[in-house]
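Quick notes on the structure that follows.
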Amino acid sequence: MVSNIMLTLAFLVGVAAVYYLVPRRFRQWLLLLASMLFYVSAGPWMLVLSGGSALWSFYAGAKIEQAETKEKKKVWLWAGILPILGVLFVYKYFNFFVGSVAALLTLAGLGGSAPVLSLAVPMGISYYTFKMISFLADIYLGKRGAERGLEGCGAYLTYILFFPQILSGPIERSEHFIEQLHEGPTYHAELFSVGLQRIVLGLFKKIVIANRLAGYVDAVFGAPESYPGLACVMAAFFYSFQLYCDFSGYSDIAIGMANVLGIDSGQNFDCPYFSRGIKEFWSRWHISLSGWLKDYIYIPLGGNRVSPVRHRLNVLATFLVSGLWHGANWSFVIWGGMHGLWNIISTKKEESVPLARRVLETLITFCGVTLAWVFFRAESFGKALGFLTHAVTCFSLSYVDIQNSILPFTGDNTCAAYFLTACGFLFLLFLYERGQVYGKKEKREGMVLSSAWMAVMLVSVVLFGVFGASGFLYANF
């Protein structure tokens, strides 16, 4: 169920059918039960691990609030955070750390074999770890109180385990989410309608576009030397669209599922590829993660309230953490470092500039982001460099190379039709998001899709959806 979006939506229908039949005071318990069942469908041990971590952080939060001095509060803060980070380290970063140390020792002539743990990364561990840390940090900083009693524990567990957000977030803030549970989620016709629209938008991005591009991207990135340089360039740009449609598509679906259950959830993407600079890009891309890193990494390091040199180091450190959060691989760290350095040297864009300049700045930003995505997608730094080298040295616009660059879509004479279909749907998404960025705001607040767009996207999902590959890229992070 966790790896198939259609089964997840079927599960949502079943939950919602019961959800609105029970009294409001019982709905958070139904959400908790549904979320626990969702976890169990992936493996009981995952529920034990996430639930155990959540219970410990719940207890630590209460102890932080009860502590009489700041020193004691800090002790309980770290007592709550360190075990959670320890679990994350063992499951996600242990092999990366010991492998890196072994490589350094080998370079120093002190080589030796590194121990390897054969452990599957638990579902959603990066997301719920950040939720727990922000919960404890907010209590320590006095931004919120600890949850108390059985009802508070149930609300907190529901917040951590909430099934729509397990795979790929968003990283919801505790005070906003838990407050809604305490009030008792209720049916709001407009919020319910917006939720359905978001689900349709997310399905369009994921099933119609991202899944359609996945085969091409996997083929070319898997063996770039087997294809012309043009194919590598196309694969890099297609991966930009695949990743965006896959991740923002799931975010739309997750937010939509929460809306259907009467829970308002914050925005996670805001048409990031229309950004005119890298700072604007990060205000539009993975908004919940960007906000978390700002509040719990960047600001505690000193933010911009320090010397210019220290400020630049704070920016770089924040993006390096972002890269490492995504994956235990140096290619992710390099990706984060590239964005950090780019943010350091970039300047604020002028508002009133000619259209041609705005378009040029948008294209430059998109191309730069796409270049960085190559390191994000490649299995290693060396493979990323090899991919880019092949793209440059073997680039050609000859008829044969153009033909061979389209071939990976299907491997037969239908490749051109498949390519044109994919480009057509990308153009539809471009028109929709251009309207979101530059068009007039809807009169009804909260509207996501007009009736026309709703019909177009729903028909596209039914008639052109690629349902075979339904896993989500960001579920791996």
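By order of appearance in the structure tokens: chains A, B, ..., then residues from 1 within every chain, and ligands from 1 in the order shown.
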> If we count only C-alpha atoms, what is near Phe387 (chain A) at a cut-off of 12 Å, once residues fewer than 4 positions away on the same chain are taken out, given as an MDAnalysis selection string?
Replying inline: chainID A and resid 220:236 371 373:375 377:383 391:395
Mind dumping the selected residues with N, CA, C and O atoms as a short mmCIF file (atom, residue, chain, number, x, y, z; two decimals), in the first residue's frame?
```cif
data_model
loop_
_atom_site.label_atom_id
_atom_site.label_comp_id
_atom_site.auth_asym_id
_atom_site.auth_seq_id
_atom_site.Cartn_x
_atom_site.Cartn_y
_atom_site.Cartn_z
N VAL A 220 19.14 6.56 -19.54
CA VAL A 220 20.30 7.38 -19.93
C VAL A 220 21.26 7.55 -18.76
O VAL A 220 22.49 7.44 -18.93
N PHE A 221 20.76 7.81 -17.57
CA PHE A 221 21.65 7.95 -16.42
C PHE A 221 22.31 6.62 -16.07
O PHE A 221 23.42 6.59 -15.54
N GLY A 222 21.64 5.51 -16.40
CA GLY A 222 22.20 4.21 -16.10
C GLY A 222 23.37 3.83 -16.98
O GLY A 222 24.28 3.11 -16.54
N ALA A 223 23.37 4.31 -18.22
CA ALA A 223 24.47 4.00 -19.15
C ALA A 223 24.65 5.16 -20.13
O ALA A 223 24.35 5.04 -21.32
N PRO A 224 25.13 6.31 -19.66
CA PRO A 224 25.24 7.49 -20.53
C PRO A 224 26.15 7.28 -21.73
O PRO A 224 25.92 7.86 -22.79
N GLU A 225 27.16 6.43 -21.57
CA GLU A 225 28.09 6.20 -22.68
C GLU A 225 27.44 5.48 -23.85
O GLU A 225 27.99 5.47 -24.97
N SER A 226 26.28 4.90 -23.64
CA SER A 226 25.57 4.18 -24.71
C SER A 226 24.70 5.10 -25.57
O SER A 226 24.11 4.65 -26.54
N TYR A 227 24.65 6.38 -25.20
CA TYR A 227 23.77 7.31 -25.90
C TYR A 227 24.55 8.55 -26.33
O TYR A 227 25.62 8.85 -25.79
N PRO A 228 24.02 9.31 -27.30
CA PRO A 228 24.69 10.55 -27.71
C PRO A 228 24.71 11.56 -26.56
O PRO A 228 23.93 11.47 -25.61
N GLY A 229 25.59 12.55 -26.68
CA GLY A 229 25.65 13.60 -25.67
C GLY A 229 24.34 14.35 -25.55
O GLY A 229 23.95 14.79 -24.46
N LEU A 230 23.63 14.50 -26.67
CA LEU A 230 22.33 15.16 -26.66
C LEU A 230 21.35 14.45 -25.73
O LEU A 230 20.56 15.09 -25.03
N ALA A 231 21.41 13.13 -25.72
CA ALA A 231 20.52 12.36 -24.84
C ALA A 231 20.82 12.66 -23.37
O ALA A 231 19.90 12.71 -22.55
N CYS A 232 22.09 12.86 -23.05
CA CYS A 232 22.45 13.19 -21.66
C CYS A 232 21.90 14.56 -21.29
O CYS A 232 21.41 14.75 -20.16
N VAL A 233 21.99 15.51 -22.21
CA VAL A 233 21.43 16.84 -21.95
C VAL A 233 19.92 16.74 -21.75
O VAL A 233 19.37 17.33 -20.80
N MET A 234 19.26 15.99 -22.63
CA MET A 234 17.81 15.81 -22.50
C MET A 234 17.46 15.11 -21.20
O MET A 234 16.50 15.49 -20.51
N ALA A 235 18.24 14.10 -20.82
CA ALA A 235 17.96 13.36 -19.59
C ALA A 235 18.11 14.26 -18.36
O ALA A 235 17.34 14.14 -17.40
N ALA A 236 19.10 15.16 -18.39
CA ALA A 236 19.29 16.08 -17.26
C ALA A 236 18.07 16.98 -17.10
O ALA A 236 17.56 17.17 -15.98
N LEU A 371 21.81 21.58 -13.65
CA LEU A 371 23.19 21.12 -13.55
C LEU A 371 23.45 20.50 -12.17
O LEU A 371 24.06 19.43 -12.06
N TRP A 373 21.23 19.18 -10.23
CA TRP A 373 20.44 17.94 -10.10
C TRP A 373 21.20 16.74 -10.63
O TRP A 373 20.92 15.60 -10.22
N VAL A 374 22.12 16.93 -11.57
CA VAL A 374 22.90 15.81 -12.09
C VAL A 374 23.67 15.13 -10.95
O VAL A 374 23.73 13.90 -10.86
N PHE A 375 24.25 15.92 -10.06
CA PHE A 375 24.97 15.36 -8.91
C PHE A 375 24.00 14.72 -7.93
O PHE A 375 24.34 13.74 -7.26
N ARG A 377 21.23 13.20 -8.81
CA ARG A 377 20.71 11.97 -9.42
C ARG A 377 21.77 10.89 -9.57
O ARG A 377 21.47 9.69 -9.42
N ALA A 378 23.00 11.29 -9.84
CA ALA A 378 24.05 10.30 -10.09
C ALA A 378 24.36 9.51 -8.83
O ALA A 378 24.20 9.99 -7.70
N GLU A 379 24.84 8.29 -9.01
CA GLU A 379 25.14 7.41 -7.88
C GLU A 379 26.39 7.84 -7.13
O GLU A 379 26.57 7.49 -5.96
N SER A 380 27.26 8.60 -7.78
CA SER A 380 28.49 9.06 -7.13
C SER A 380 28.97 10.31 -7.84
O SER A 380 28.51 10.67 -8.93
N PHE A 381 29.92 10.99 -7.20
CA PHE A 381 30.50 12.19 -7.78
C PHE A 381 31.20 11.86 -9.10
O PHE A 381 31.09 12.60 -10.09
N GLY A 382 31.92 10.73 -9.14
CA GLY A 382 32.61 10.33 -10.36
C GLY A 382 31.66 10.08 -11.51
O GLY A 382 31.94 10.49 -12.65
N LYS A 383 30.54 9.43 -11.22
CA LYS A 383 29.57 9.17 -12.29
C LYS A 383 28.91 10.45 -12.77
O LYS A 383 28.58 10.58 -13.96
N ALA A 391 28.21 14.36 -21.93
CA ALA A 391 27.22 15.27 -22.51
C ALA A 391 27.89 16.37 -23.32
O ALA A 391 27.38 16.77 -24.38
N VAL A 392 29.04 16.86 -22.86
CA VAL A 392 29.73 17.96 -23.53
C VAL A 392 30.56 17.47 -24.71
O VAL A 392 30.48 18.01 -25.83
N THR A 393 31.36 16.43 -24.49
CA THR A 393 32.30 15.99 -25.52
C THR A 393 31.63 15.23 -26.66
O THR A 393 32.17 15.19 -27.77
N CYS A 394 30.49 14.64 -26.41
CA CYS A 394 29.81 13.85 -27.45
C CYS A 394 28.52 14.51 -27.92
O CYS A 394 27.64 13.85 -28.47
N PHE A 395 28.41 15.82 -27.69
CA PHE A 395 27.18 16.52 -28.07
C PHE A 395 27.18 16.79 -29.57
O PHE A 395 28.17 17.21 -30.16
#
```
> What residues in region 100-316 of chain A get the DSSP label alpha helix (DSSP H)? Please answer as a PyMOL selection string.
Replying inline: chain A and resi 100-107+125-141+149-161+174-183+189-203+211-222+229-260+278-284+287-293+308-316
>> Ranking A:Gln242, A:Ser331, A:Asn259, A:Ser396 by minimum distance to Ser193 (chain A) and counting only C-alpha atoms, which one comes first?
In response: A:Asn259
> Quick one: distance from CA of Pro408 (chain A) to CA of Ala384 (chain A) in Å, one decimal?
Replying inline: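 Result for CA of Pro408 (chain A) versus CA of Ala384 (chain A): 19.5 Å, one decimal.
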>> Give me, as a PyMOL selection string, all polymer residues having an atom no more than 12 Å from Val90 (chain A), counting only C-alpha atoms and skipping those fewer than 5 positions away in the same chain.
In response: chain A and resi 83-85+95-98+116-122+125+328
>> Could you check the closest approach to Leu161 (chain A) for each of A:Val18, A:Met36, A:Val459, A:Val87 and tell me which residue wins, using only C-alpha atoms?
In response: A:Met36
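Distances to Pro164 (chain A) were evaluated for A:Cys245, A:Ile255, A:Leu420, A:Leu203 using only C-alpha atoms, and the minimum falls at A:Ile255.
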> Which one of A:Gly80, A:Gly439, A:Gly124, A:Gly327 sits closest to Ile139 (chain A) if you count only C-alpha atoms?
Replying inline: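 For Ile139 (chain A), the nearest of the candidates is A:Gly80.
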>> Residues within 7 Å of Arg27 (chain A), please, as a list of chain:residue names. Count only C-alpha atoms; anything in the same chain fewer than 4 positions from it doesn't count.
In response: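 Counting only the stated atoms, we get A:Tyr19, A:Val22, A:Pro23, A:Leu31, A:Gly184, A:Pro185.
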> Which of these, A:Ala258, A:Ile297, A:Ile253, A:Val217, has the shortest distance to Phe409 (chain A) once you count only C-alpha atoms?
Replying inline: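 Of A:Ala258, A:Ile297, A:Ile253, A:Val217, the one nearest Phe409 (chain A), counting only C-alpha atoms, is A:Val217.
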Close residues, region 205-208 of chain A itself excluded, 10 Å, only C-alpha atoms, min 5 positions apart in chain, as a PDB file with N, CA and C atoms, in the first residue's frame:
```
ATOM      1  N   ILE A   5       0.279   4.576  -5.021  1.00  0.00           N
ATOM      2  CA  ILE A   5      -0.532   5.737  -4.700  1.00  0.00           C
ATOM      3  C   ILE A   5      -2.015   5.442  -4.841  1.00  0.00           C
ATOM      4  N   ILE A 199      -5.411  16.668  -5.047  1.00  0.00           N
ATOM      5  CA  ILE A 199      -5.126  15.268  -5.368  1.00  0.00           C
ATOM      6  C   ILE A 199      -5.080  15.066  -6.876  1.00  0.00           C
ATOM      7  N   VAL A 200      -6.019  15.664  -7.593  1.00  0.00           N
ATOM      8  CA  VAL A 200      -6.031  15.558  -9.060  1.00  0.00           C
ATOM      9  C   VAL A 200      -4.779  16.201  -9.647  1.00  0.00           C
ATOM     10  N   LEU A 213       8.389  10.178 -17.711  1.00  0.00           N
ATOM     11  CA  LEU A 213       9.785  10.538 -17.935  1.00  0.00           C
ATOM     12  C   LEU A 213      10.756   9.582 -17.251  1.00  0.00           C
ATOM     13  N   PHE A 241      12.374  17.907 -14.463  1.00  0.00           N
ATOM     14  CA  PHE A 241      10.916  17.869 -14.493  1.00  0.00           C
ATOM     15  C   PHE A 241      10.374  16.643 -13.761  1.00  0.00           C
ATOM     16  N   GLN A 242      11.038  15.499 -13.927  1.00  0.00           N
ATOM     17  CA  GLN A 242      10.586  14.292 -13.246  1.00  0.00           C
ATOM     18  C   GLN A 242      10.609  14.465 -11.741  1.00  0.00           C
ATOM     19  N   LEU A 243      11.741  14.970 -11.229  1.00  0.00           N
ATOM     20  CA  LEU A 243      11.885  15.133  -9.786  1.00  0.00           C
ATOM     21  C   LEU A 243      10.856  16.123  -9.252  1.00  0.00           C
ATOM     22  N   TYR A 244      10.693  17.238  -9.957  1.00  0.00           N
ATOM     23  CA  TYR A 244       9.729  18.235  -9.506  1.00  0.00           C
ATOM     24  C   TYR A 244       8.307  17.683  -9.523  1.00  0.00           C
ATOM     25  N   CYS A 245       7.927  17.056 -10.617  1.00  0.00           N
ATOM     26  CA  CYS A 245       6.557  16.549 -10.718  1.00  0.00           C
ATOM     27  C   CYS A 245       6.314  15.387  -9.759  1.00  0.00           C
ATOM     28  N   ASP A 246       7.341  14.586  -9.526  1.00  0.00           N
ATOM     29  CA  ASP A 246       7.209  13.477  -8.594  1.00  0.00           C
ATOM     30  C   ASP A 246       7.040  13.998  -7.162  1.00  0.00           C
ATOM     31  N   PHE A 247       7.924  14.899  -6.751  1.00  0.00           N
ATOM     32  CA  PHE A 247       7.916  15.349  -5.369  1.00  0.00           C
ATOM     33  C   PHE A 247       6.777  16.333  -5.093  1.00  0.00           C
ATOM     34  N   SER A 248       6.627  17.343  -5.958  1.00  0.00           N
ATOM     35  CA  SER A 248       5.533  18.290  -5.739  1.00  0.00           C
ATOM     36  C   SER A 248       4.192  17.606  -5.956  1.00  0.00           C
ATOM     37  N   GLY A 249       4.176  16.593  -6.845  1.00  0.00           N
ATOM     38  CA  GLY A 249       2.946  15.825  -7.041  1.00  0.00           C
ATOM     39  C   GLY A 249       2.544  15.100  -5.781  1.00  0.00           C
ATOM     40  N   TYR A 250       3.527  14.449  -5.109  1.00  0.00           N
ATOM     41  CA  TYR A 250       3.191  13.778  -3.853  1.00  0.00           C
ATOM     42  C   TYR A 250       2.784  14.794  -2.791  1.00  0.00           C
ATOM     43  N   ASP A 252       1.281  17.634  -3.235  1.00  0.00           N
ATOM     44  CA  ASP A 252      -0.105  18.004  -3.529  1.00  0.00           C
ATOM     45  C   ASP A 252      -1.068  16.924  -3.054  1.00  0.00           C
ATOM     46  N   ILE A 253      -0.729  15.665  -3.315  1.00  0.00           N
ATOM     47  CA  ILE A 253      -1.593  14.558  -2.911  1.00  0.00           C
ATOM     48  C   ILE A 253      -1.679  14.483  -1.383  1.00  0.00           C
ATOM     49  N   THR A 421       4.293  13.412 -26.803  1.00  0.00           N
ATOM     50  CA  THR A 421       3.258  13.371 -25.775  1.00  0.00           C
ATOM     51  C   THR A 421       3.785  13.914 -24.455  1.00  0.00           C
ATOM     52  N   ALA A 422       4.995  13.478 -24.071  1.00  0.00           N
ATOM     53  CA  ALA A 422       5.607  13.970 -22.830  1.00  0.00           C
ATOM     54  C   ALA A 422       5.799  15.477 -22.879  1.00  0.00           C
ATOM     55  N   PHE A 425       2.445  17.341 -22.416  1.00  0.00           N
ATOM     56  CA  PHE A 425       1.976  17.439 -21.034  1.00  0.00           C
ATOM     57  C   PHE A 425       2.836  18.400 -20.216  1.00  0.00           C
ATOM     58  N   LEU A 426       4.133  18.467 -20.508  1.00  0.00           N
ATOM     59  CA  LEU A 426       4.982  19.455 -19.847  1.00  0.00           C
ATOM     60  C   LEU A 426       4.539  20.870 -20.210  1.00  0.00           C
ATOM     61  N   LEU A 429       1.511  21.732 -18.162  1.00  0.00           N
ATOM     62  CA  LEU A 429       1.898  22.115 -16.810  1.00  0.00           C
ATOM     63  C   LEU A 429       2.487  23.521 -16.791  1.00  0.00           C
ATOM     64  N   MET A 457      -6.989  17.800 -16.456  1.00  0.00           N
ATOM     65  CA  MET A 457      -6.049  16.968 -15.708  1.00  0.00           C
ATOM     66  C   MET A 457      -6.652  15.629 -15.323  1.00  0.00           C
ATOM     67  N   SER A 460      -6.670  13.507 -18.398  1.00  0.00           N
ATOM     68  CA  SER A 460      -5.296  13.112 -18.711  1.00  0.00           C
ATOM     69  C   SER A 460      -4.836  11.964 -17.821  1.00  0.00           C
ATOM     70  N   VAL A 461      -5.187  12.009 -16.542  1.00  0.00           N
ATOM     71  CA  VAL A 461      -4.813  10.937 -15.621  1.00  0.00           C
ATOM     72  C   VAL A 461      -5.461   9.628 -16.040  1.00  0.00           C
ATOM     73  N   VAL A 462      -6.738   9.686 -16.368  1.00  0.00           N
ATOM     74  CA  VAL A 462      -7.474   8.464 -16.718  1.00  0.00           C
ATOM     75  C   VAL A 462      -6.997   7.878 -18.034  1.00  0.00           C
ATOM     76  N   LEU A 463      -6.782   8.739 -19.043  1.00  0.00           N
ATOM     77  CA  LEU A 463      -6.462   8.249 -20.384  1.00  0.00           C
ATOM     78  C   LEU A 463      -4.968   8.079 -20.636  1.00  0.00           C
ATOM     79  N   PHE A 464      -4.142   8.901 -19.989  1.00  0.00           N
ATOM     80  CA  PHE A 464      -2.714   8.905 -20.317  1.00  0.00           C
ATOM     81  C   PHE A 464      -1.809   8.607 -19.121  1.00  0.00           C
ATOM     82  N   GLY A 465      -2.399   8.271 -17.996  1.00  0.00           N
ATOM     83  CA  GLY A 465      -1.586   7.995 -16.826  1.00  0.00           C
ATOM     84  C   GLY A 465      -0.734   6.747 -16.991  1.00  0.00           C
ATOM     85  N   VAL A 466       0.501   6.806 -16.489  1.00  0.00           N
ATOM     86  CA  VAL A 466       1.409   5.654 -16.501  1.00  0.00           C
ATOM     87  C   VAL A 466       1.387   5.084 -15.086  1.00  0.00           C
ATOM     88  N   PHE A 467       0.605   4.040 -14.894  1.00  0.00           N
ATOM     89  CA  PHE A 467       0.331   3.535 -13.553  1.00  0.00           C
ATOM     90  C   PHE A 467       1.306   2.448 -13.111  1.00  0.00           C
ATOM     91  N   GLY A 468       2.185   2.006 -13.983  1.00  0.00           N
ATOM     92  CA  GLY A 468       3.060   0.894 -13.620  1.00  0.00           C
ATOM     93  C   GLY A 468       4.109   1.255 -12.587  1.00  0.00           C
ATOM     94  N   ALA A 469       4.664   2.477 -12.671  1.00  0.00           N
ATOM     95  CA  ALA A 469       5.736   2.893 -11.754  1.00  0.00           C
ATOM     96  C   ALA A 469       5.169   3.937 -10.812  1.00  0.00           C
ATOM     97  N   SER A 470       4.791   3.532  -9.611  1.00  0.00           N
ATOM     98  CA  SER A 470       4.094   4.445  -8.720  1.00  0.00           C
ATOM     99  C   SER A 470       4.860   4.764  -7.447  1.00  0.00           C
ATOM    100  N   GLY A 471       6.116   4.306  -7.311  1.00  0.00           N
ATOM    101  CA  GLY A 471       6.918   4.679  -6.156  1.00  0.00           C
ATOM    102  C   GLY A 471       7.318   6.145  -6.260  1.00  0.00           C
ATOM    103  N   PHE A 472       7.671   6.765  -5.123  1.00  0.00           N
ATOM    104  CA  PHE A 472       8.020   8.181  -5.098  1.00  0.00           C
ATOM    105  C   PHE A 472       9.507   8.357  -4.844  1.00  0.00           C
TER     106      PHE A 472
END
```
Can you tell me, as a compact mmCIF listing (two decimals) with N, CA and C atoms, in the first residue's frame, what residues are no more than 8 Å from region 320-322 of chain A when counting only C-alpha atoms, ignoring any on the same chain fewer than 2 positions away?
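selection27.txt, written as the output of this step:
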```txt
# COMPACT_ATOMS: atom_id res chain seq x y z
N LEU A 293 15.12 24.19 8.05
CA LEU A 293 16.56 24.44 8.08
C LEU A 293 16.87 25.86 8.51
N LEU A 316 26.47 28.23 3.98
CA LEU A 316 27.07 27.02 3.42
C LEU A 316 26.77 25.81 4.31
N ALA A 317 26.91 25.97 5.63
CA ALA A 317 26.65 24.86 6.55
C ALA A 317 25.21 24.39 6.45
N THR A 318 24.28 25.33 6.32
CA THR A 318 22.86 24.98 6.22
C THR A 318 22.59 24.14 4.98
N LEU A 324 23.14 16.50 3.05
CA LEU A 324 23.32 15.27 3.82
C LEU A 324 21.98 14.70 4.26
N TRP A 325 21.01 15.55 4.54
CA TRP A 325 19.67 15.07 4.90
C TRP A 325 19.07 14.24 3.77
N HIS A 326 19.33 14.63 2.55
CA HIS A 326 18.74 13.93 1.41
C HIS A 326 19.32 12.53 1.21
N VAL A 333 26.07 15.74 -0.69
CA VAL A 333 26.79 16.80 0.02
C VAL A 333 27.30 17.84 -0.99
N ILE A 334 27.83 17.36 -2.10
CA ILE A 334 28.33 18.27 -3.14
C ILE A 334 27.18 19.09 -3.72
N GLY A 336 24.45 19.95 -2.15
CA GLY A 336 24.15 20.97 -1.16
C GLY A 336 25.17 22.08 -1.15
N GLY A 337 26.46 21.72 -1.29
CA GLY A 337 27.51 22.72 -1.33
C GLY A 337 27.40 23.64 -2.53
N GLY A 340 24.74 26.04 -1.75
CA GLY A 340 25.20 26.97 -0.73
C GLY A 340 26.09 28.05 -1.29
```
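Here CA of Phe419 (chain A) stands at a distance of 15.9 Å from CA of Ser240 (chain A).
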> So what do you get for CA of Ser398 (chain A) versus CA of Ala372 (chain A), distance-wise?
Replying inline: 27.0 Å
> Counting only C-alpha atoms, what is within 9 Å of Asp270 (chain A), bar same-chain residues fewer than 4 positions away, as a list in words?
Replying inline: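 My list of contacting residues is Phe274, Ser283, Arg284, Trp285, His286, Ile287, Glu433, Gln436 and Val437 of chain A.
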Convert the current residue selection to file output with C-alpha atoms, as a PDB file, in the first residue's frame.
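So the final result, stored in selection_18.pdb, reads:
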```
ATOM      1  CA  PHE A 274       9.665  30.194 -12.512  1.00  0.00           C
ATOM      2  CA  SER A 283      11.661  30.167  -1.217  1.00  0.00           C
ATOM      3  CA  ARG A 284       9.515  28.139  -3.640  1.00  0.00           C
ATOM      4  CA  TRP A 285      11.098  24.635  -3.507  1.00  0.00           C
ATOM      5  CA  HIS A 286      10.403  22.196  -0.621  1.00  0.00           C
ATOM      6  CA  ILE A 287       9.172  25.109   1.479  1.00  0.00           C
ATOM      7  CA  GLU A 433       1.870  27.238 -13.474  1.00  0.00           C
ATOM      8  CA  GLN A 436      -0.508  30.611 -11.055  1.00  0.00           C
ATOM      9  CA  VAL A 437       2.521  32.918 -11.085  1.00  0.00           C
TER      10      VAL A 437
END
```
>> Nearest residue to Leu201 (chain A) out of A:Ile171, A:Ala60, A:Ala189, A:Ala254, using only C-alpha atoms?
In response: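 Result for the nearest residue to Leu201 (chain A): A:Ala254.
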